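Q: Hey, dropping my_file_32.pdb in here, PDB, C-alpha atoms:
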```pdb
ATOM      1  CA  MET L   1     237.028  43.822 -72.989
ATOM      2  CA  MET L   2     234.657  44.632 -70.145
ATOM      3  CA  SER L   3     236.937  47.391 -68.820
ATOM      4  CA  ARG L   4     237.180  48.903 -72.317
ATOM      5  CA  ILE L   5     233.392  48.901 -72.650
ATOM      6  CA  SER L   6     233.029  50.327 -69.158
ATOM      7  CA  THR L   7     235.478  53.169 -69.837
ATOM      8  CA  ARG L   8     233.817  54.108 -73.111
ATOM      9  CA  THR L   9     230.379  53.945 -71.518
ATOM     10  CA  ILE L  10     231.459  56.281 -68.743
ATOM     11  CA  PHE L  11     232.915  58.643 -71.341
ATOM     12  CA  ALA L  12     229.652  58.556 -73.317
ATOM     13  CA  PHE L  13     227.642  59.410 -70.201
ATOM     14  CA  PHE L  14     230.056  62.276 -69.547
ATOM     15  CA  LEU L  15     229.444  63.584 -73.084
ATOM     16  CA  ALA L  16     225.669  63.403 -72.526
ATOM     17  CA  LEU L  17     225.890  65.140 -69.149
ATOM     18  CA  LEU L  18     228.119  67.907 -70.491
ATOM     19  CA  GLY L  19     225.785  68.428 -73.447
ATOM     20  CA  VAL L  20     222.735  68.647 -71.188
ATOM     21  CA  VAL L  21     224.442  71.160 -68.876
ATOM     22  CA  MET L  22     225.462  73.342 -71.845
ATOM     23  CA  PHE L  23     221.982  73.259 -73.354
ATOM     24  CA  SER L  24     220.509  74.145 -69.965
ATOM     25  CA  ALA L  25     222.512  77.375 -69.790
ATOM     26  CA  LYS L  26     220.747  78.786 -72.871
ATOM     27  CA  ALA L  27     217.732  80.186 -71.016
ATOM     28  CA  VAL L  28     219.948  81.948 -68.487
ATOM     29  CA  ILE L  29     222.043  83.572 -71.240
ATOM     30  CA  VAL L  30     218.861  84.707 -73.024
ATOM     31  CA  LYS L  31     217.631  86.359 -69.819
ATOM     32  CA  LEU L  32     221.015  88.064 -69.370
ATOM     33  CA  ALA L  33     220.873  89.384 -72.959
ATOM     34  CA  TYR L  34     217.389  90.820 -72.394
ATOM     35  CA  ARG L  35     218.908  93.191 -69.847
ATOM     36  CA  TYR L  36     220.443  95.048 -72.818
ATOM     37  CA  ASN L  37     217.052  95.738 -74.477
ATOM     38  CA  ILE L  38     217.298  93.309 -77.360
ATOM     39  CA  ASP L  39     214.097  91.771 -78.721
ATOM     40  CA  PRO L  40     213.611  87.963 -78.998
ATOM     41  CA  LEU L  41     213.728  87.867 -82.815
ATOM     42  CA  SER L  42     216.986  89.819 -83.046
ATOM     43  CA  LEU L  43     218.617  87.687 -80.361
ATOM     44  CA  LEU L  44     217.493  84.497 -82.085
ATOM     45  CA  ASN L  45     218.951  85.770 -85.363
ATOM     46  CA  LEU L  46     222.297  86.476 -83.736
ATOM     47  CA  ARG L  47     222.363  83.044 -82.138
ATOM     48  CA  LEU L  48     221.662  81.276 -85.428
ATOM     49  CA  LEU L  49     223.977  83.464 -87.510
ATOM     50  CA  PHE L  50     226.883  82.796 -85.160
ATOM     51  CA  SER L  51     226.048  79.067 -85.222
ATOM     52  CA  LEU L  52     225.621  78.833 -88.989
ATOM     53  CA  PRO L  53     229.308  78.598 -90.051
ATOM     54  CA  PHE L  54     229.858  75.514 -87.901
ATOM     55  CA  TYR L  55     226.928  73.658 -89.456
ATOM     56  CA  LEU L  56     227.975  74.663 -92.975
ATOM     57  CA  VAL L  57     231.411  73.175 -92.294
ATOM     58  CA  VAL L  58     229.777  69.939 -91.165
ATOM     59  CA  VAL L  59     227.754  69.709 -94.385
ATOM     60  CA  PHE L  60     230.731  70.379 -96.657
ATOM     61  CA  ARG L  61     233.081  68.067 -94.769
ATOM     62  CA  THR L  62     230.772  65.093 -94.250
ATOM     63  CA  THR L  63     229.147  64.753 -97.665
ATOM     64  CA  THR L  64     229.582  65.327-101.408
ATOM     65  CA  ILE L  65     227.323  66.526-104.219
ATOM     66  CA  ARG L  66     227.009  62.948-105.395
ATOM     67  CA  GLU L  67     225.916  61.760-101.959
ATOM     68  CA  LEU L  68     223.428  64.617-101.638
ATOM     69  CA  SER L  69     221.831  63.535-104.908
ATOM     70  CA  LYS L  70     220.783  60.261-103.249
ATOM     71  CA  PHE L  71     218.042  62.055-101.351
ATOM     72  CA  SER L  72     214.753  62.796-103.058
ATOM     73  CA  ARG L  73     213.085  66.183-103.346
ATOM     74  CA  PHE L  74     210.455  64.946-100.920
ATOM     75  CA  ASP L  75     213.205  64.131 -98.404
ATOM     76  CA  TYR L  76     214.529  67.675 -98.679
ATOM     77  CA  LEU L  77     211.008  69.093 -98.407
ATOM     78  CA  LYS L  78     210.504  67.197 -95.155
ATOM     79  CA  VAL L  79     213.846  68.503 -93.862
ATOM     80  CA  VAL L  80     212.726  72.065 -94.647
ATOM     81  CA  ILE L  81     209.392  71.588 -92.861
ATOM     82  CA  LEU L  82     211.020  69.968 -89.842
ATOM     83  CA  GLY L  83     213.765  72.587 -89.707
ATOM     84  CA  ILE L  84     211.120  75.313 -89.601
ATOM     85  CA  LEU L  85     209.219  73.460 -86.870
ATOM     86  CA  GLY L  86     212.085  72.297 -84.713
ATOM     87  CA  TYR L  87     214.574  75.148 -84.727
ATOM     88  CA  TYR L  88     212.786  78.222 -86.051
ATOM     89  CA  MET L  89     209.303  78.025 -84.530
ATOM     90  CA  ALA L  90     210.344  76.174 -81.379
ATOM     91  CA  SER L  91     213.239  78.582 -80.768
ATOM     92  CA  TYR L  92     211.179  81.687 -81.471
ATOM     93  CA  PHE L  93     208.375  80.632 -79.110
ATOM     94  CA  ASP L  94     210.972  79.804 -76.474
ATOM     95  CA  PHE L  95     212.818  83.132 -76.759
ATOM     96  CA  ALA L  96     209.528  85.054 -76.773
ATOM     97  CA  GLY L  97     208.289  83.187 -73.695
ATOM     98  CA  LEU L  98     211.465  83.997 -71.786
ATOM     99  CA  LYS L  99     210.491  87.678 -71.924
ATOM    100  CA  TYR L 100     207.672  86.916 -69.492
ATOM    101  CA  ILE L 101     208.695  84.014 -67.243
ATOM    102  CA  THR L 102     211.731  82.936 -65.282
ATOM    103  CA  ALA L 103     214.418  80.743 -66.785
ATOM    104  CA  SER L 104     213.549  78.077 -64.215
ATOM    105  CA  LEU L 105     209.882  77.852 -65.223
ATOM    106  CA  GLU L 106     210.850  77.966 -68.918
ATOM    107  CA  ARG L 107     213.095  74.932 -68.594
ATOM    108  CA  LEU L 108     210.428  73.085 -66.627
ATOM    109  CA  VAL L 109     207.683  73.694 -69.234
ATOM    110  CA  LEU L 110     210.049  72.933 -72.113
ATOM    111  CA  PHE L 111     211.043  69.687 -70.418
ATOM    112  CA  ILE L 112     207.578  68.187 -71.000
ATOM    113  CA  TYR L 113     208.268  67.638 -74.717
ATOM    114  CA  PRO L 114     208.732  63.834 -74.252
ATOM    115  CA  THR L 115     205.132  63.615 -73.054
ATOM    116  CA  LEU L 116     204.022  65.527 -76.163
ATOM    117  CA  VAL L 117     205.962  63.083 -78.349
ATOM    118  CA  VAL L 118     203.956  60.225 -76.813
ATOM    119  CA  ILE L 119     200.666  62.093 -77.324
ATOM    120  CA  ILE L 120     201.427  63.031 -80.958
ATOM    121  CA  ALA L 121     202.498  59.480 -81.755
ATOM    122  CA  ALA L 122     199.245  58.183 -80.260
ATOM    123  CA  LEU L 123     197.010  60.662 -82.101
ATOM    124  CA  PHE L 124     198.578  60.539 -85.558
ATOM    125  CA  PHE L 125     200.513  57.269 -85.740
ATOM    126  CA  HIS L 126     198.238  55.033 -83.654
ATOM    127  CA  ARG L 127     200.976  54.137 -81.189
ATOM    128  CA  ARG L 128     198.889  53.324 -78.171
ATOM    129  CA  PRO L 129     200.556  54.588 -74.978
ATOM    130  CA  SER L 130     201.014  52.179 -72.101
ATOM    131  CA  MET L 131     199.410  52.681 -68.698
ATOM    132  CA  VAL L 132     202.828  53.704 -67.370
ATOM    133  CA  GLN L 133     203.122  56.399 -70.036
ATOM    134  CA  ILE L 134     199.587  57.669 -69.352
ATOM    135  CA  ALA L 135     200.335  57.841 -65.629
ATOM    136  CA  ALA L 136     203.622  59.620 -66.348
ATOM    137  CA  ILE L 137     201.878  62.208 -68.543
ATOM    138  CA  ILE L 138     199.264  62.929 -65.858
ATOM    139  CA  LEU L 139     202.011  63.177 -63.229
ATOM    140  CA  THR L 140     204.095  65.501 -65.391
ATOM    141  CA  TYR L 141     201.293  67.959 -66.114
ATOM    142  CA  PHE L 142     200.268  67.949 -62.465
ATOM    143  CA  GLY L 143     203.815  69.000 -61.599
ATOM    144  CA  VAL L 144     203.801  71.753 -64.243
ATOM    145  CA  PHE L 145     200.472  73.021 -62.883
ATOM    146  CA  ILE L 146     201.881  73.289 -59.353
ATOM    147  CA  ALA L 147     204.948  75.228 -60.516
ATOM    148  CA  PHE L 148     202.927  77.333 -62.962
ATOM    149  CA  TYR L 149     200.243  78.232 -60.411
ATOM    150  CA  SER L 150     202.885  79.374 -57.950
ATOM    151  CA  ASP L 151     204.618  81.490 -60.619
ATOM    152  CA  THR L 152     201.291  82.984 -61.732
ATOM    153  CA  ASN L 153     200.660  84.237 -58.215
ATOM    154  CA  ALA L 154     204.027  85.979 -58.321
ATOM    155  CA  ASN L 155     204.044  87.343 -61.899
ATOM    156  CA  GLY L 156     200.371  87.565 -62.857
ATOM    157  CA  PRO L 157     199.143  87.431 -66.484
ATOM    158  CA  ASN L 158     202.690  87.598 -67.867
ATOM    159  CA  ALA L 159     203.323  84.115 -66.504
ATOM    160  CA  VAL L 160     200.314  82.791 -68.431
ATOM    161  CA  LEU L 161     201.480  84.308 -71.730
ATOM    162  CA  GLY L 162     205.068  83.187 -71.224
ATOM    163  CA  THR L 163     204.042  79.657 -70.290
ATOM    164  CA  VAL L 164     201.756  79.360 -73.334
ATOM    165  CA  LEU L 165     204.595  80.490 -75.612
ATOM    166  CA  VAL L 166     207.086  78.041 -74.119
ATOM    167  CA  PHE L 167     204.492  75.274 -74.306
ATOM    168  CA  GLY L 168     204.216  76.119 -78.007
ATOM    169  CA  SER L 169     207.973  75.658 -78.203
ATOM    170  CA  ALA L 170     207.763  72.242 -76.556
ATOM    171  CA  LEU L 171     204.909  71.235 -78.885
ATOM    172  CA  THR L 172     206.666  72.255 -82.115
ATOM    173  CA  TYR L 173     209.889  70.594 -80.962
ATOM    174  CA  ALA L 174     207.982  67.386 -80.196
ATOM    175  CA  MET L 175     206.470  67.515 -83.700
ATOM    176  CA  TYR L 176     209.991  67.888 -85.077
ATOM    177  CA  LEU L 177     211.217  64.848 -83.153
ATOM    178  CA  VAL L 178     208.341  62.663 -84.310
ATOM    179  CA  GLY L 179     208.781  63.760 -87.911
ATOM    180  CA  ALA L 180     212.564  63.341 -87.805
ATOM    181  CA  GLU L 181     212.396  59.739 -86.628
ATOM    182  CA  ASN L 182     212.375  58.251 -90.137
ATOM    183  CA  LEU L 183     214.779  60.782 -91.664
ATOM    184  CA  LEU L 184     217.576  60.512 -89.100
ATOM    185  CA  PRO L 185     218.720  57.026 -90.210
ATOM    186  CA  LYS L 186     218.690  58.160 -93.842
ATOM    187  CA  PHE L 187     220.646  61.413 -93.444
ATOM    188  CA  GLY L 188     222.603  60.655 -90.296
ATOM    189  CA  THR L 189     222.276  62.706 -87.111
ATOM    190  CA  LYS L 190     224.983  65.299 -87.824
ATOM    191  CA  LEU L 191     223.979  65.978 -91.429
ATOM    192  CA  PHE L 192     220.262  66.114 -90.639
ATOM    193  CA  THR L 193     220.799  68.462 -87.687
ATOM    194  CA  SER L 194     223.033  70.707 -89.790
ATOM    195  CA  PHE L 195     220.465  70.897 -92.601
ATOM    196  CA  ALA L 196     217.707  71.675 -90.090
ATOM    197  CA  MET L 197     219.783  74.461 -88.515
ATOM    198  CA  ILE L 198     220.579  75.984 -91.920
ATOM    199  CA  VAL L 199     216.866  75.978 -92.820
ATOM    200  CA  SER L 200     215.914  77.529 -89.493
ATOM    201  CA  THR L 201     218.518  80.282 -89.937
ATOM    202  CA  ALA L 202     217.057  81.165 -93.336
ATOM    203  CA  ALA L 203     213.497  81.166 -91.937
ATOM    204  CA  THR L 204     214.492  83.353 -88.999
ATOM    205  CA  LEU L 205     216.260  85.859 -91.256
ATOM    206  CA  ILE L 206     213.186  86.075 -93.508
ATOM    207  CA  HIS L 207     211.009  86.673 -90.437
ATOM    208  CA  PHE L 208     213.392  89.371 -89.230
ATOM    209  CA  PHE L 209     213.459  91.307 -92.487
ATOM    210  CA  ILE L 210     209.670  91.123 -92.874
ATOM    211  CA  ALA L 211     208.732  92.037 -89.301
ATOM    212  CA  ASN L 212     211.664  94.060 -88.022
ATOM    213  CA  SER L 213     213.470  97.008 -89.594
ATOM    214  CA  ASN L 214     216.040  97.316 -86.801
ATOM    215  CA  ASP L 215     219.693  96.834 -87.546
ATOM    216  CA  LEU L 216     221.185  93.667 -86.059
ATOM    217  CA  PHE L 217     224.477  95.386 -85.387
ATOM    218  CA  HIS L 218     223.677  98.376 -83.200
ATOM    219  CA  TYR L 219     223.673  96.631 -79.810
ATOM    220  CA  SER L 220     226.317  96.832 -77.114
ATOM    221  CA  ILE L 221     229.313  94.514 -77.182
ATOM    222  CA  GLU L 222     227.848  92.517 -74.279
ATOM    223  CA  VAL L 223     224.940  91.364 -76.454
ATOM    224  CA  TYR L 224     227.261  89.958 -79.116
ATOM    225  CA  LEU L 225     229.463  88.246 -76.547
ATOM    226  CA  LEU L 226     226.399  86.622 -75.003
ATOM    227  CA  ALA L 227     225.070  85.626 -78.452
ATOM    228  CA  ILE L 228     228.423  84.084 -79.423
ATOM    229  CA  THR L 229     228.565  82.239 -76.104
ATOM    230  CA  MET L 230     225.041  80.934 -76.641
ATOM    231  CA  ALA L 231     225.793  79.923 -80.245
ATOM    232  CA  VAL L 232     229.032  78.065 -79.480
ATOM    233  CA  PHE L 233     228.542  76.696 -75.982
ATOM    234  CA  CYS L 234     224.733  76.313 -75.813
ATOM    235  CA  THR L 235     224.027  75.290 -79.417
ATOM    236  CA  VAL L 236     226.880  73.954 -81.562
ATOM    237  CA  ILE L 237     229.052  72.076 -79.065
ATOM    238  CA  PRO L 238     226.184  70.456 -77.098
ATOM    239  CA  SER L 239     224.367  69.446 -80.302
ATOM    240  CA  PHE L 240     227.393  67.401 -81.366
ATOM    241  CA  LEU L 241     228.009  66.098 -77.832
ATOM    242  CA  ILE L 242     224.425  64.855 -77.605
ATOM    243  CA  SER L 243     224.617  63.342 -81.096
ATOM    244  CA  GLU L 244     227.741  61.400 -80.167
ATOM    245  CA  ALA L 245     226.204  60.312 -76.864
ATOM    246  CA  ILE L 246     223.081  59.054 -78.663
ATOM    247  CA  LYS L 247     225.305  57.122 -81.069
ATOM    248  CA  ARG L 248     227.126  55.439 -78.162
ATOM    249  CA  LEU L 249     224.296  55.012 -75.634
ATOM    250  CA  GLY L 250     221.002  55.180 -77.511
ATOM    251  CA  SER L 251     218.408  57.951 -77.407
ATOM    252  CA  SER L 252     216.516  56.616 -74.376
ATOM    253  CA  ASN L 253     219.571  56.606 -72.125
ATOM    254  CA  VAL L 254     220.452  60.132 -73.209
ATOM    255  CA  ALA L 255     216.854  61.209 -72.574
ATOM    256  CA  ILE L 256     217.176  59.937 -69.018
ATOM    257  CA  MET L 257     220.353  61.990 -68.606
ATOM    258  CA  GLY L 258     218.348  64.999 -69.772
ATOM    259  CA  SER L 259     216.463  64.958 -66.473
ATOM    260  CA  VAL L 260     219.298  66.935 -64.888
ATOM    261  CA  GLY L 261     218.560  69.814 -67.294
ATOM    262  CA  PRO L 262     215.923  71.627 -65.220
ATOM    263  CA  VAL L 263     218.052  71.342 -62.078
ATOM    264  CA  CYS L 264     221.049  72.812 -63.936
ATOM    265  CA  THR L 265     218.957  75.708 -65.230
ATOM    266  CA  ILE L 266     217.492  76.375 -61.791
ATOM    267  CA  SER L 267     220.971  76.393 -60.237
ATOM    268  CA  LEU L 268     222.402  78.733 -62.877
ATOM    269  CA  ALA L 269     219.355  81.024 -62.691
ATOM    270  CA  SER L 270     219.745  81.249 -58.943
ATOM    271  CA  ALA L 271     223.445  82.102 -59.206
ATOM    272  CA  LEU L 272     223.370  84.493 -62.188
ATOM    273  CA  LEU L 273     219.823  85.898 -62.269
ATOM    274  CA  ASN L 274     218.958  85.857 -58.585
ATOM    275  CA  GLU L 275     215.902  83.696 -59.294
ATOM    276  CA  HIS L 276     214.712  81.792 -56.246
ATOM    277  CA  MET L 277     212.082  79.065 -56.255
ATOM    278  CA  ASN L 278     209.604  78.491 -53.466
ATOM    279  CA  ILE L 279     208.712  75.098 -52.035
ATOM    280  CA  PHE L 280     205.756  74.588 -54.400
ATOM    281  CA  GLN L 281     207.912  75.235 -57.449
ATOM    282  CA  TRP L 282     210.479  72.717 -56.225
ATOM    283  CA  ILE L 283     207.748  70.143 -55.627
ATOM    284  CA  GLY L 284     206.392  70.745 -59.130
ATOM    285  CA  THR L 285     209.889  70.432 -60.597
ATOM    286  CA  LEU L 286     210.550  67.094 -58.889
ATOM    287  CA  ILE L 287     207.159  65.756 -60.022
ATOM    288  CA  VAL L 288     207.834  66.769 -63.643
ATOM    289  CA  ILE L 289     211.289  65.186 -63.617
ATOM    290  CA  GLY L 290     209.792  62.007 -62.161
ATOM    291  CA  GLY L 291     207.098  61.860 -64.848
ATOM    292  CA  VAL L 292     209.535  62.372 -67.712
ATOM    293  CA  LEU L 293     211.916  59.799 -66.244
ATOM    294  CA  LEU L 294     209.076  57.260 -66.233
ATOM    295  CA  ILE L 295     208.545  57.826 -69.952
ATOM    296  CA  ALA L 296     212.272  57.693 -70.731
ATOM    297  CA  ILE L 297     212.780  54.481 -68.739
ATOM    298  CA  ARG L 298     209.714  52.922 -70.348
ATOM    299  CA  GLU L 299     211.064  53.761 -73.826
ATOM    300  CA  GLY L 300     214.446  52.411 -72.811
ATOM    301  CA  ASN L 301     212.905  49.091 -71.790
ATOM    302  CA  ASN L 302     211.000  48.884 -75.078
ATOM    303  CA  ASN L 303     214.133  49.523 -77.135
ATOM    304  CA  ARG L 304     216.609  47.510 -75.087
ATOM    305  CA  SER L 305     216.297  44.459 -77.294
ATOM    306  CA  LYS L 306     217.416  46.580 -80.285
ATOM    307  CA  ASN L 307     220.652  47.730 -78.635
ATOM    308  CA  THR L 308     223.816  45.727 -79.243
ATOM    309  CA  GLU L 309     227.257  45.874 -77.750
ATOM    310  CA  GLU L 310     228.317  48.026 -80.708
ATOM    311  CA  ASP L 311     225.985  50.773 -79.495
ATOM    312  CA  ILE L 312     228.060  51.058 -76.331
ATOM    313  CA  VAL L 313     231.507  50.487 -77.795
TER     314      VAL L 313
END
```
Write the structure described by the file as structure tokens, please.

A:
Amino acid sequence: MMSRISTRTIFAFFLALLGVVMFSAKAVIVKLAYRYNIDPLSLLNLRLLFSLPFYLVVVFRTTTIRELSKFSRFDYLKVVILGILGYYMASYFDFAGLKYITASLERLVLFIYPTLVVIIAALFFHRRPSMVQIAAIILTYFGVFIAFYSDTNANGPNAVLGTVLVFGSALTYAMYLVGAENLLPKFGTKLFTSFAMIVSTAATLIHFFIANSNDLFHYSIEVYLLAITMAVFCTVIPSFLISEAIKRLGSSNVAIMGSVGPVCTISLASALLNEHMNIFQWIGTLIVIGGVLLIAIREGNNNRSKNTEEDIV
């Protein structure tokens, strides 16, 4: 029995690691696509449009009209709001920010969203953070400041604008996570994620047609290949890998695994984009990872009593 649990646990950690690595490649692919003069909104539309069929299949294969009728209109309204926050606004801010900063700094700023979850929960849901969480938040933002200050010296005002945009992405994604907490058990992770992605695709298309008259299909073949790669390997597959890992390991353990994300992005950016970090940026990165790990471990300790053997098996 122990060997069976051990094997499945190792497999679950592998799923989480693979999902994190795939998600981490997104920023690098976005930067590669920008070399072909595509704007952030058009690229985001292509990513979501190529992802959409997979999520529609999930909805039609995992539920029925009768089951969908169980949810109230208010439930669906909350899904719409959270879909707009978590995958439309967060993605748009992220793509826009990547026009101005490196993929490495983007991943580092985006990685602070767990600290924002703690802050939002404290401000609006009266969940008082522990001293460990407060210390972790201070540590994390100190690390971001070190990396940001170094990048500002290199890239000037563009780094400020890009960092603010990506911070907006982290903030809206944190709001999505806090709001989704009560809906996930009701809908299930796969169905909820699929609904949120469908909503975000609709919102992004509306934004595109209002603000942009350009044709989505006049770019070079490289843009579409990159968009398909990003949709399949940096969106659809990792979203299901992470969902399965959360089911097997719990969200806190998967969050801890997420700490390898910035390192993966930095490595890929160095290899494919020729981005190189100086010593101060590396110090800032390690401090941020340490701060987020403190929060993830703290949450894991708080939730450990809720986990049963079935979570692992």

Q: Quick one: residues within 9 Å of L:Glu106, all atoms listed in the file, excluding same-chain residues fewer than 3 positions away - as a list in words?

A: Ala27, Asp94, Gly97, Leu98, Ile101, Thr102, Ala103, Val109, Leu110, Phe111, Gly162, Thr163, Val166, Phe167 and Pro262 of chain L

Q: Go ahead and write the selection's residues with C-alpha atoms as a PDB file, in the frame of the given file.

A:
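This went into again.pdb:
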```pdb
ATOM      1  CA  ALA L  27     217.732  80.186 -71.016  1.00  0.00           C
ATOM      2  CA  ASP L  94     210.972  79.804 -76.474  1.00  0.00           C
ATOM      3  CA  GLY L  97     208.289  83.187 -73.695  1.00  0.00           C
ATOM      4  CA  LEU L  98     211.465  83.997 -71.786  1.00  0.00           C
ATOM      5  CA  ILE L 101     208.695  84.014 -67.243  1.00  0.00           C
ATOM      6  CA  THR L 102     211.731  82.936 -65.282  1.00  0.00           C
ATOM      7  CA  ALA L 103     214.418  80.743 -66.785  1.00  0.00           C
ATOM      8  CA  VAL L 109     207.683  73.694 -69.234  1.00  0.00           C
ATOM      9  CA  LEU L 110     210.049  72.933 -72.113  1.00  0.00           C
ATOM     10  CA  PHE L 111     211.043  69.687 -70.418  1.00  0.00           C
ATOM     11  CA  GLY L 162     205.068  83.187 -71.224  1.00  0.00           C
ATOM     12  CA  THR L 163     204.042  79.657 -70.290  1.00  0.00           C
ATOM     13  CA  VAL L 166     207.086  78.041 -74.119  1.00  0.00           C
ATOM     14  CA  PHE L 167     204.492  75.274 -74.306  1.00  0.00           C
ATOM     15  CA  PRO L 262     215.923  71.627 -65.220  1.00  0.00           C
TER      16      PRO L 262
END
```

Q: Excluding L:Tyr141 and residues on its chain fewer than 6 positions from it, collect all residues at most 10 Å away from it, counting only C-alpha atoms, and give them as a PyMOL selection string.

A: chain L and resi 109+112+115+147+284+287-288+291

Q: For L:Lys99, work out the shell of residues within 12 Å, counting all atoms listed in the file and skipping chain neighbours fewer than 2 positions away, then give it as a VMD selection string.

A: chain L and resid 27 to 28 30 to 35 37 to 41 43 92 to 97 101 to 103 105 to 106 155 158 to 163 165 to 166

Q: Distance atom CA of L:Phe145-atom CA of L:Arg107, one decimal place?

A: 14.0 Å

Q: Could you list as a ChimeraX atom specification every residue that has an atom within 10 Å of (226.3, 68.2, -69.1), using the file's coordinates and counting all atoms listed in the file?

A: /L:13-25,238,241-242,257-258,260-261,264

Q: Take atom CA of L:Val263 and atom CA of L:Glu275 and report the distance between them in Å, one decimal.

A: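 Between atom CA of L:Val263 and atom CA of L:Glu275 the gap works out to 12.8 Å.
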
Q: Would you mind telling me which residue in L:Arg47, L:Arg8, L:Lys26, L:Arg128 lies nearest to L:Thr201 when using all atoms listed in the file?

A: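 Ranked by minimum distance to L:Thr201, first place goes to L:Arg47.
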
Q: One decimal, Å: what's the distance from atom CA of L:Ile29 over to atom CA of L:Leu108, could you say?

A: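 It comes out at 16.3 Å.
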
Q: If the PyMOL selection byres ((chain L and resi 55) around 8) is run on the structure shown, which residues does it catch, given as a ChimeraX atom specification?

A: /L:51-54,56-59,194-195,197-198,236

Q: Pull out every residue that the PyMOL selection byres ((chain L and resi 130) around 12) matches in the shown coordinates and put them as an MDAnalysis selection string.

A: chainID L and resid 118:119 122 127:129 131:137 294:295 298:299 302

Q: Which residue out of L:Ser169, L:Ser267, L:Ser42, L:Thr64 has the minimum interatomic distance to L:Ala211 when all atoms listed in the file are used?

A: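 Result for the nearest residue to L:Ala211: L:Ser42.
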
Q: I need the output of the PyMOL selection byres ((chain L and resi 67-82) around 8) for this file as a ChimeraX atom specification; which residues are they?

A: /L:63-66,83-86,176,179-180,183,192,195-196,199

Q: If I only have part of stretch 274-286 of chain L, can you fill in N, CA and C atoms and write it as an mmCIF file, in the frame of the given file?

A:
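Once written, out-v7.cif looks like this:
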```cif
data_model
loop_
_atom_site.group_PDB
_atom_site.id
_atom_site.type_symbol
_atom_site.label_atom_id
_atom_site.label_comp_id
_atom_site.auth_asym_id
_atom_site.auth_seq_id
_atom_site.Cartn_x
_atom_site.Cartn_y
_atom_site.Cartn_z
ATOM 1 N N ASN L 274 219.585 85.647 -59.896
ATOM 2 C CA ASN L 274 218.958 85.857 -58.585
ATOM 3 C C ASN L 274 217.513 85.380 -58.562
ATOM 4 N N GLU L 275 217.228 84.318 -59.332
ATOM 5 C CA GLU L 275 215.902 83.696 -59.294
ATOM 6 C C GLU L 275 215.862 82.665 -58.171
ATOM 7 N N HIS L 276 214.846 82.729 -57.363
ATOM 8 C CA HIS L 276 214.712 81.792 -56.246
ATOM 9 C C HIS L 276 213.336 81.141 -56.305
ATOM 10 N N MET L 277 213.328 79.825 -56.185
ATOM 11 C CA MET L 277 212.082 79.065 -56.255
ATOM 12 C C MET L 277 211.547 78.790 -54.858
ATOM 13 N N ASN L 278 210.209 78.840 -54.750
ATOM 14 C CA ASN L 278 209.604 78.491 -53.466
ATOM 15 C C ASN L 278 209.383 76.983 -53.378
ATOM 16 N N ILE L 279 208.858 76.538 -52.278
ATOM 17 C CA ILE L 279 208.712 75.098 -52.035
ATOM 18 C C ILE L 279 207.771 74.447 -53.038
ATOM 19 N N PHE L 280 206.713 75.164 -53.452
ATOM 20 C CA PHE L 280 205.756 74.588 -54.400
ATOM 21 C C PHE L 280 206.393 74.416 -55.778
ATOM 22 N N GLN L 281 207.234 75.360 -56.165
ATOM 23 C CA GLN L 281 207.912 75.235 -57.449
ATOM 24 C C GLN L 281 208.904 74.070 -57.444
ATOM 25 N N TRP L 282 209.565 73.860 -56.321
ATOM 26 C CA TRP L 282 210.479 72.717 -56.225
ATOM 27 C C TRP L 282 209.711 71.400 -56.270
ATOM 28 N N ILE L 283 208.567 71.366 -55.596
ATOM 29 C CA ILE L 283 207.748 70.143 -55.627
ATOM 30 C C ILE L 283 207.294 69.865 -57.061
ATOM 31 N N GLY L 284 206.811 70.911 -57.740
ATOM 32 C CA GLY L 284 206.392 70.745 -59.130
ATOM 33 C C GLY L 284 207.529 70.272 -60.011
ATOM 34 N N THR L 285 208.717 70.825 -59.805
ATOM 35 C CA THR L 285 209.889 70.432 -60.597
ATOM 36 C C THR L 285 210.214 68.955 -60.407
ATOM 37 N N LEU L 286 210.231 68.494 -59.166
ATOM 38 C CA LEU L 286 210.550 67.094 -58.889
ATOM 39 C C LEU L 286 209.492 66.161 -59.473
#
```
